[in-house]
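Text of the file structure.pdb, holding PDB, C-alpha atoms:
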```pdb
ATOM      1  CA  MET A   1      16.096 -21.656  17.475  1.00  0.00           C
ATOM      2  CA  ASN A   2      16.060 -19.318  20.451  1.00  0.00           C
ATOM      3  CA  LEU A   3      15.516 -15.662  19.704  1.00  0.00           C
ATOM      4  CA  THR A   4      16.075 -12.837  22.119  1.00  0.00           C
ATOM      5  CA  ALA A   5      13.372 -10.272  22.809  1.00  0.00           C
ATOM      6  CA  ASP A   6      15.316  -7.742  20.731  1.00  0.00           C
ATOM      7  CA  GLU A   7      15.513 -10.118  17.777  1.00  0.00           C
ATOM      8  CA  ILE A   8      11.788 -10.839  17.983  1.00  0.00           C
ATOM      9  CA  ALA A   9      11.026  -7.109  18.140  1.00  0.00           C
ATOM     10  CA  LEU A  10      13.250  -6.505  15.113  1.00  0.00           C
ATOM     11  CA  LEU A  11      11.519  -9.280  13.139  1.00  0.00           C
ATOM     12  CA  ILE A  12       8.108  -7.847  13.990  1.00  0.00           C
ATOM     13  CA  ALA A  13       9.197  -4.313  13.035  1.00  0.00           C
ATOM     14  CA  VAL A  14      10.665  -5.467   9.709  1.00  0.00           C
ATOM     15  CA  GLY A  15       7.570  -7.545   8.983  1.00  0.00           C
ATOM     16  CA  LEU A  16       5.254  -4.620   9.674  1.00  0.00           C
ATOM     17  CA  ALA A  17       7.398  -2.314   7.543  1.00  0.00           C
ATOM     18  CA  VAL A  18       7.214  -4.762   4.636  1.00  0.00           C
ATOM     19  CA  VAL A  19       3.441  -5.216   4.993  1.00  0.00           C
ATOM     20  CA  ASN A  20       2.841  -1.461   5.202  1.00  0.00           C
ATOM     21  CA  LEU A  21       5.038  -0.839   2.173  1.00  0.00           C
ATOM     22  CA  GLY A  22       3.078  -3.518   0.311  1.00  0.00           C
ATOM     23  CA  SER A  23      -0.167  -1.798   1.242  1.00  0.00           C
ATOM     24  CA  VAL A  24       1.128   1.584   0.028  1.00  0.00           C
ATOM     25  CA  VAL A  25       2.310   0.080  -3.261  1.00  0.00           C
ATOM     26  CA  ALA A  26      -1.013  -1.731  -3.802  1.00  0.00           C
ATOM     27  CA  ILE A  27      -3.019   1.462  -3.306  1.00  0.00           C
ATOM     28  CA  TRP A  28      -0.620   3.505  -5.446  1.00  0.00           C
ATOM     29  CA  TRP A  29      -0.793   0.851  -8.195  1.00  0.00           C
ATOM     30  CA  ASP A  30      -4.593   0.799  -8.065  1.00  0.00           C
ATOM     31  CA  LYS A  31      -4.728   4.598  -8.311  1.00  0.00           C
ATOM     32  CA  ARG A  32      -2.300   4.571 -11.229  1.00  0.00           C
ATOM     33  CA  ARG A  33      -4.302   1.941 -13.102  1.00  0.00           C
ATOM     34  CA  ALA A  34      -7.554   3.779 -12.353  1.00  0.00           C
ATOM     35  CA  THR A  35      -6.278   7.018 -13.884  1.00  0.00           C
ATOM     36  CA  LYS A  36      -5.228   5.106 -17.012  1.00  0.00           C
ATOM     37  CA  GLY A  37      -8.569   3.310 -17.294  1.00  0.00           C
ATOM     38  CA  GLN A  38      -6.933  -0.112 -16.892  1.00  0.00           C
ATOM     39  CA  TRP A  39      -7.844  -3.208 -14.884  1.00  0.00           C
ATOM     40  CA  ARG A  40      -7.764  -2.431 -11.180  1.00  0.00           C
ATOM     41  CA  VAL A  41      -6.439  -4.073  -8.039  1.00  0.00           C
ATOM     42  CA  LYS A  42      -9.301  -5.957  -6.375  1.00  0.00           C
ATOM     43  CA  GLU A  43     -10.724  -4.316  -3.276  1.00  0.00           C
ATOM     44  CA  GLU A  44     -10.327  -7.632  -1.477  1.00  0.00           C
ATOM     45  CA  THR A  45      -6.570  -7.424  -2.065  1.00  0.00           C
ATOM     46  CA  LEU A  46      -6.409  -3.958  -0.509  1.00  0.00           C
ATOM     47  CA  LEU A  47      -8.482  -5.182   2.434  1.00  0.00           C
ATOM     48  CA  VAL A  48      -6.214  -8.190   3.011  1.00  0.00           C
ATOM     49  CA  TRP A  49      -3.192  -5.868   3.190  1.00  0.00           C
ATOM     50  CA  ALA A  50      -5.051  -3.913   5.892  1.00  0.00           C
ATOM     51  CA  LEU A  51      -6.080  -7.053   7.753  1.00  0.00           C
ATOM     52  CA  VAL A  52      -2.528  -8.386   8.003  1.00  0.00           C
ATOM     53  CA  GLY A  53      -1.279  -5.122   9.504  1.00  0.00           C
ATOM     54  CA  GLY A  54      -0.753  -2.809   6.566  1.00  0.00           C
ATOM     55  CA  TRP A  55      -3.577  -0.464   7.477  1.00  0.00           C
ATOM     56  CA  PRO A  56      -1.411   2.460   8.707  1.00  0.00           C
ATOM     57  CA  GLY A  57       0.394   2.554   5.357  1.00  0.00           C
ATOM     58  CA  GLY A  58      -2.902   2.032   3.567  1.00  0.00           C
ATOM     59  CA  ILE A  59      -4.565   4.948   5.310  1.00  0.00           C
ATOM     60  CA  TRP A  60      -1.566   7.144   4.561  1.00  0.00           C
ATOM     61  CA  ALA A  61      -1.582   6.084   0.892  1.00  0.00           C
ATOM     62  CA  MET A  62      -5.328   6.631   0.490  1.00  0.00           C
ATOM     63  CA  ARG A  63      -4.947  10.158   1.805  1.00  0.00           C
ATOM     64  CA  ARG A  64      -1.684  10.882  -0.031  1.00  0.00           C
ATOM     65  CA  PHE A  65      -2.927   9.664  -3.421  1.00  0.00           C
ATOM     66  CA  ARG A  66      -6.552  10.740  -2.825  1.00  0.00           C
ATOM     67  CA  HIS A  67      -7.752   7.269  -3.629  1.00  0.00           C
ATOM     68  CA  LYS A  68     -10.776   5.374  -2.316  1.00  0.00           C
ATOM     69  CA  THR A  69     -11.473   8.140   0.212  1.00  0.00           C
ATOM     70  CA  SER A  70     -14.998   8.902  -0.980  1.00  0.00           C
ATOM     71  CA  LYS A  71     -16.166   5.322  -1.548  1.00  0.00           C
ATOM     72  CA  LYS A  72     -18.200   4.741   1.612  1.00  0.00           C
ATOM     73  CA  SER A  73     -18.666   0.982   1.159  1.00  0.00           C
ATOM     74  CA  PHE A  74     -14.914   0.455   0.821  1.00  0.00           C
ATOM     75  CA  ILE A  75     -14.133   2.705   3.801  1.00  0.00           C
ATOM     76  CA  ALA A  76     -16.604   0.745   5.951  1.00  0.00           C
ATOM     77  CA  LYS A  77     -14.926  -2.539   4.968  1.00  0.00           C
ATOM     78  CA  TYR A  78     -11.495  -1.023   5.566  1.00  0.00           C
ATOM     79  CA  VAL A  79     -12.494   0.134   9.060  1.00  0.00           C
ATOM     80  CA  LEU A  80     -13.752  -3.395   9.781  1.00  0.00           C
ATOM     81  CA  ALA A  81     -10.411  -4.855   8.616  1.00  0.00           C
ATOM     82  CA  VAL A  82      -8.559  -2.402  10.880  1.00  0.00           C
ATOM     83  CA  LEU A  83     -10.745  -3.309  13.853  1.00  0.00           C
ATOM     84  CA  LEU A  84     -10.251  -7.035  13.212  1.00  0.00           C
ATOM     85  CA  ASN A  85      -6.483  -6.513  12.996  1.00  0.00           C
ATOM     86  CA  LEU A  86      -6.490  -4.588  16.276  1.00  0.00           C
ATOM     87  CA  ALA A  87      -8.668  -7.233  17.951  1.00  0.00           C
ATOM     88  CA  ILE A  88      -6.223  -9.948  16.876  1.00  0.00           C
ATOM     89  CA  LEU A  89      -3.332  -7.849  18.175  1.00  0.00           C
ATOM     90  CA  VAL A  90      -5.042  -7.374  21.543  1.00  0.00           C
ATOM     91  CA  ALA A  91      -5.755 -11.116  21.752  1.00  0.00           C
ATOM     92  CA  ILE A  92      -2.106 -11.948  21.026  1.00  0.00           C
ATOM     93  CA  VAL A  93      -0.822  -9.465  23.598  1.00  0.00           C
ATOM     94  CA  PHE A  94      -3.287 -10.792  26.168  1.00  0.00           C
ATOM     95  CA  ALA A  95      -2.266 -14.393  25.464  1.00  0.00           C
ATOM     96  CA  VAL A  96       1.437 -13.569  25.774  1.00  0.00           C
ATOM     97  CA  PHE A  97       1.024 -11.814  29.105  1.00  0.00           C
ATOM     98  CA  ALA A  98      -1.695 -14.068  30.544  1.00  0.00           C
ATOM     99  CA  TYR A  99       0.028 -17.319  29.591  1.00  0.00           C
ATOM    100  CA  PRO A 100       3.794 -16.746  29.523  1.00  0.00           C
ATOM    101  CA  ILE A 101       5.908 -19.621  28.314  1.00  0.00           C
TER     102      ILE A 101
END
```
What would the structure in this file look like if it were written as structure tokens?
Amino acid sequence: MNLTADEIALLIAVGLAVVNLGSVVAIWWDKRRATKGQWRVKEETLLVWALVGGWPGGIWAMRRFRHKTSKKSFIAKYVLAVLLNLAILVAIVFAVFAYPI
């Protein structure tokens, strides 16, 4: 299956949109359950969404819903997940340009 550069870009954009939407929904759901005193979404789940690229949506959702913004230990882990995601992105971009197929 040969994809054009435009098709690859579209797949990446759609994938990132889906992951960011998932991150927003996870944070919204956790906030909703927290206000009702119910079982919560695990922090690890929220961090995985950030690690796989959903951190922009996650940051927006945390600010929009005022959720997890004052929990320093979670914010530190979230920043680490963002940095790891960005490091992976830089490594992929470097590999693509340094070793073209």
Starting from the shown file, work through the PyMOL selection byres ((chain A and resi 16) around 12) and note down what comes out as a PDB file with C-alpha atoms, in the frame of the given file.
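Once everything was written out, this is selection01.pdb:
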```pdb
ATOM      1  CA  ALA A   9      11.026  -7.109  18.140  1.00  0.00           C
ATOM      2  CA  LEU A  10      13.250  -6.505  15.113  1.00  0.00           C
ATOM      3  CA  LEU A  11      11.519  -9.280  13.139  1.00  0.00           C
ATOM      4  CA  ILE A  12       8.108  -7.847  13.990  1.00  0.00           C
ATOM      5  CA  ALA A  13       9.197  -4.313  13.035  1.00  0.00           C
ATOM      6  CA  VAL A  14      10.665  -5.467   9.709  1.00  0.00           C
ATOM      7  CA  GLY A  15       7.570  -7.545   8.983  1.00  0.00           C
ATOM      8  CA  ALA A  17       7.398  -2.314   7.543  1.00  0.00           C
ATOM      9  CA  VAL A  18       7.214  -4.762   4.636  1.00  0.00           C
ATOM     10  CA  VAL A  19       3.441  -5.216   4.993  1.00  0.00           C
ATOM     11  CA  ASN A  20       2.841  -1.461   5.202  1.00  0.00           C
ATOM     12  CA  LEU A  21       5.038  -0.839   2.173  1.00  0.00           C
ATOM     13  CA  GLY A  22       3.078  -3.518   0.311  1.00  0.00           C
ATOM     14  CA  SER A  23      -0.167  -1.798   1.242  1.00  0.00           C
ATOM     15  CA  TRP A  49      -3.192  -5.868   3.190  1.00  0.00           C
ATOM     16  CA  ALA A  50      -5.051  -3.913   5.892  1.00  0.00           C
ATOM     17  CA  LEU A  51      -6.080  -7.053   7.753  1.00  0.00           C
ATOM     18  CA  VAL A  52      -2.528  -8.386   8.003  1.00  0.00           C
ATOM     19  CA  GLY A  53      -1.279  -5.122   9.504  1.00  0.00           C
ATOM     20  CA  GLY A  54      -0.753  -2.809   6.566  1.00  0.00           C
ATOM     21  CA  TRP A  55      -3.577  -0.464   7.477  1.00  0.00           C
ATOM     22  CA  PRO A  56      -1.411   2.460   8.707  1.00  0.00           C
ATOM     23  CA  GLY A  57       0.394   2.554   5.357  1.00  0.00           C
TER      24      GLY A  57
END
```
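Here CA of Ala26 in chain A stands at a distance of 6.7 Å from CA of Leu46 in chain A.
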Residues selected by the PyMOL selection byres ((chain A and resi 43) around 10), written as a PDB file with C-alpha atoms, in the coordinates of the input:
```pdb
ATOM      1  CA  ILE A  27      -3.019   1.462  -3.306  1.00  0.00           C
ATOM      2  CA  ASP A  30      -4.593   0.799  -8.065  1.00  0.00           C
ATOM      3  CA  ARG A  40      -7.764  -2.431 -11.180  1.00  0.00           C
ATOM      4  CA  VAL A  41      -6.439  -4.073  -8.039  1.00  0.00           C
ATOM      5  CA  LYS A  42      -9.301  -5.957  -6.375  1.00  0.00           C
ATOM      6  CA  GLU A  44     -10.327  -7.632  -1.477  1.00  0.00           C
ATOM      7  CA  THR A  45      -6.570  -7.424  -2.065  1.00  0.00           C
ATOM      8  CA  LEU A  46      -6.409  -3.958  -0.509  1.00  0.00           C
ATOM      9  CA  LEU A  47      -8.482  -5.182   2.434  1.00  0.00           C
ATOM     10  CA  VAL A  48      -6.214  -8.190   3.011  1.00  0.00           C
ATOM     11  CA  LYS A  68     -10.776   5.374  -2.316  1.00  0.00           C
ATOM     12  CA  PHE A  74     -14.914   0.455   0.821  1.00  0.00           C
ATOM     13  CA  LYS A  77     -14.926  -2.539   4.968  1.00  0.00           C
ATOM     14  CA  TYR A  78     -11.495  -1.023   5.566  1.00  0.00           C
TER      15      TYR A  78
END
```
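Here the question is which of A:Pro100, A:Leu83, A:Ala34, A:Ala91 gets nearest to Arg66 in chain A using only C-alpha atoms, and that residue is A:Ala34.
CA of Trp60 in chain A is positioned 27.6 Å from CA of Glu7 in chain A.
The coordinates place CA of Ala61 in chain A at 19.7 Å from CA of Gly37 in chain A.
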Please complete range 61-84 of chain A with N, CA and C atoms and give it back as an mmCIF file, in the coordinates of the input.
```
data_model
loop_
_atom_site.group_PDB
_atom_site.id
_atom_site.type_symbol
_atom_site.label_atom_id
_atom_site.label_comp_id
_atom_site.auth_asym_id
_atom_site.auth_seq_id
_atom_site.Cartn_x
_atom_site.Cartn_y
_atom_site.Cartn_z
ATOM 1 N N ALA A 61 -1.569 6.098 2.357
ATOM 2 C CA ALA A 61 -1.582 6.084 0.892
ATOM 3 C C ALA A 61 -2.917 6.577 0.339
ATOM 4 N N MET A 62 -4.020 6.172 0.966
ATOM 5 C CA MET A 62 -5.328 6.631 0.490
ATOM 6 C C MET A 62 -5.428 8.148 0.577
ATOM 7 N N ARG A 63 -4.908 8.700 1.649
ATOM 8 C CA ARG A 63 -4.947 10.158 1.805
ATOM 9 C C ARG A 63 -3.941 10.834 0.879
ATOM 10 N N ARG A 64 -2.755 10.281 0.788
ATOM 11 C CA ARG A 64 -1.684 10.882 -0.031
ATOM 12 C C ARG A 64 -2.048 10.889 -1.507
ATOM 13 N N PHE A 65 -2.601 9.782 -2.002
ATOM 14 C CA PHE A 65 -2.927 9.664 -3.421
ATOM 15 C C PHE A 65 -4.388 10.009 -3.724
ATOM 16 N N ARG A 66 -5.127 10.424 -2.694
ATOM 17 C CA ARG A 66 -6.552 10.740 -2.825
ATOM 18 C C ARG A 66 -7.291 9.627 -3.557
ATOM 19 N N HIS A 67 -7.188 8.451 -2.984
ATOM 20 C CA HIS A 67 -7.752 7.269 -3.629
ATOM 21 C C HIS A 67 -8.622 6.498 -2.650
ATOM 22 N N LYS A 68 -9.812 6.169 -3.080
ATOM 23 C CA LYS A 68 -10.776 5.374 -2.316
ATOM 24 C C LYS A 68 -11.329 6.123 -1.102
ATOM 25 N N THR A 69 -11.060 7.409 -0.986
ATOM 26 C CA THR A 69 -11.473 8.140 0.212
ATOM 27 C C THR A 69 -12.952 8.517 0.216
ATOM 28 N N SER A 70 -13.581 8.524 -0.945
ATOM 29 C CA SER A 70 -14.998 8.902 -0.980
ATOM 30 C C SER A 70 -15.918 7.701 -1.204
ATOM 31 N N LYS A 71 -15.352 6.525 -1.337
ATOM 32 C CA LYS A 71 -16.166 5.322 -1.548
ATOM 33 C C LYS A 71 -16.554 4.734 -0.188
ATOM 34 N N LYS A 72 -17.744 5.075 0.255
ATOM 35 C CA LYS A 72 -18.200 4.741 1.612
ATOM 36 C C LYS A 72 -18.194 3.236 1.888
ATOM 37 N N SER A 73 -18.609 2.426 0.919
ATOM 38 C CA SER A 73 -18.666 0.982 1.159
ATOM 39 C C SER A 73 -17.257 0.418 1.382
ATOM 40 N N PHE A 74 -16.286 0.920 0.637
ATOM 41 C CA PHE A 74 -14.914 0.455 0.821
ATOM 42 C C PHE A 74 -14.367 0.925 2.165
ATOM 43 N N ILE A 75 -14.623 2.169 2.519
ATOM 44 C CA ILE A 75 -14.133 2.705 3.801
ATOM 45 C C ILE A 75 -14.715 1.898 4.959
ATOM 46 N N ALA A 76 -15.984 1.542 4.881
ATOM 47 C CA ALA A 76 -16.604 0.745 5.951
ATOM 48 C C ALA A 76 -15.912 -0.613 6.074
ATOM 49 N N LYS A 77 -15.636 -1.254 4.941
ATOM 50 C CA LYS A 77 -14.926 -2.539 4.968
ATOM 51 C C LYS A 77 -13.508 -2.369 5.494
ATOM 52 N N TYR A 78 -12.873 -1.276 5.128
ATOM 53 C CA TYR A 78 -11.495 -1.023 5.566
ATOM 54 C C TYR A 78 -11.453 -0.824 7.085
ATOM 55 N N VAL A 79 -12.409 -0.068 7.606
ATOM 56 C CA VAL A 79 -12.494 0.134 9.060
ATOM 57 C C VAL A 79 -12.703 -1.205 9.755
ATOM 58 N N LEU A 80 -13.532 -2.064 9.202
ATOM 59 C CA LEU A 80 -13.752 -3.395 9.781
ATOM 60 C C LEU A 80 -12.449 -4.202 9.776
ATOM 61 N N ALA A 81 -11.696 -4.143 8.684
ATOM 62 C CA ALA A 81 -10.411 -4.855 8.616
ATOM 63 C C ALA A 81 -9.442 -4.320 9.665
ATOM 64 N N VAL A 82 -9.426 -3.004 9.860
ATOM 65 C CA VAL A 82 -8.559 -2.402 10.880
ATOM 66 C C VAL A 82 -8.971 -2.891 12.264
ATOM 67 N N LEU A 83 -10.257 -2.869 12.542
ATOM 68 C CA LEU A 83 -10.745 -3.309 13.853
ATOM 69 C C LEU A 83 -10.438 -4.786 14.095
ATOM 70 N N LEU A 84 -10.589 -5.614 13.072
ATOM 71 C CA LEU A 84 -10.251 -7.035 13.212
ATOM 72 C C LEU A 84 -8.755 -7.203 13.484
#
```
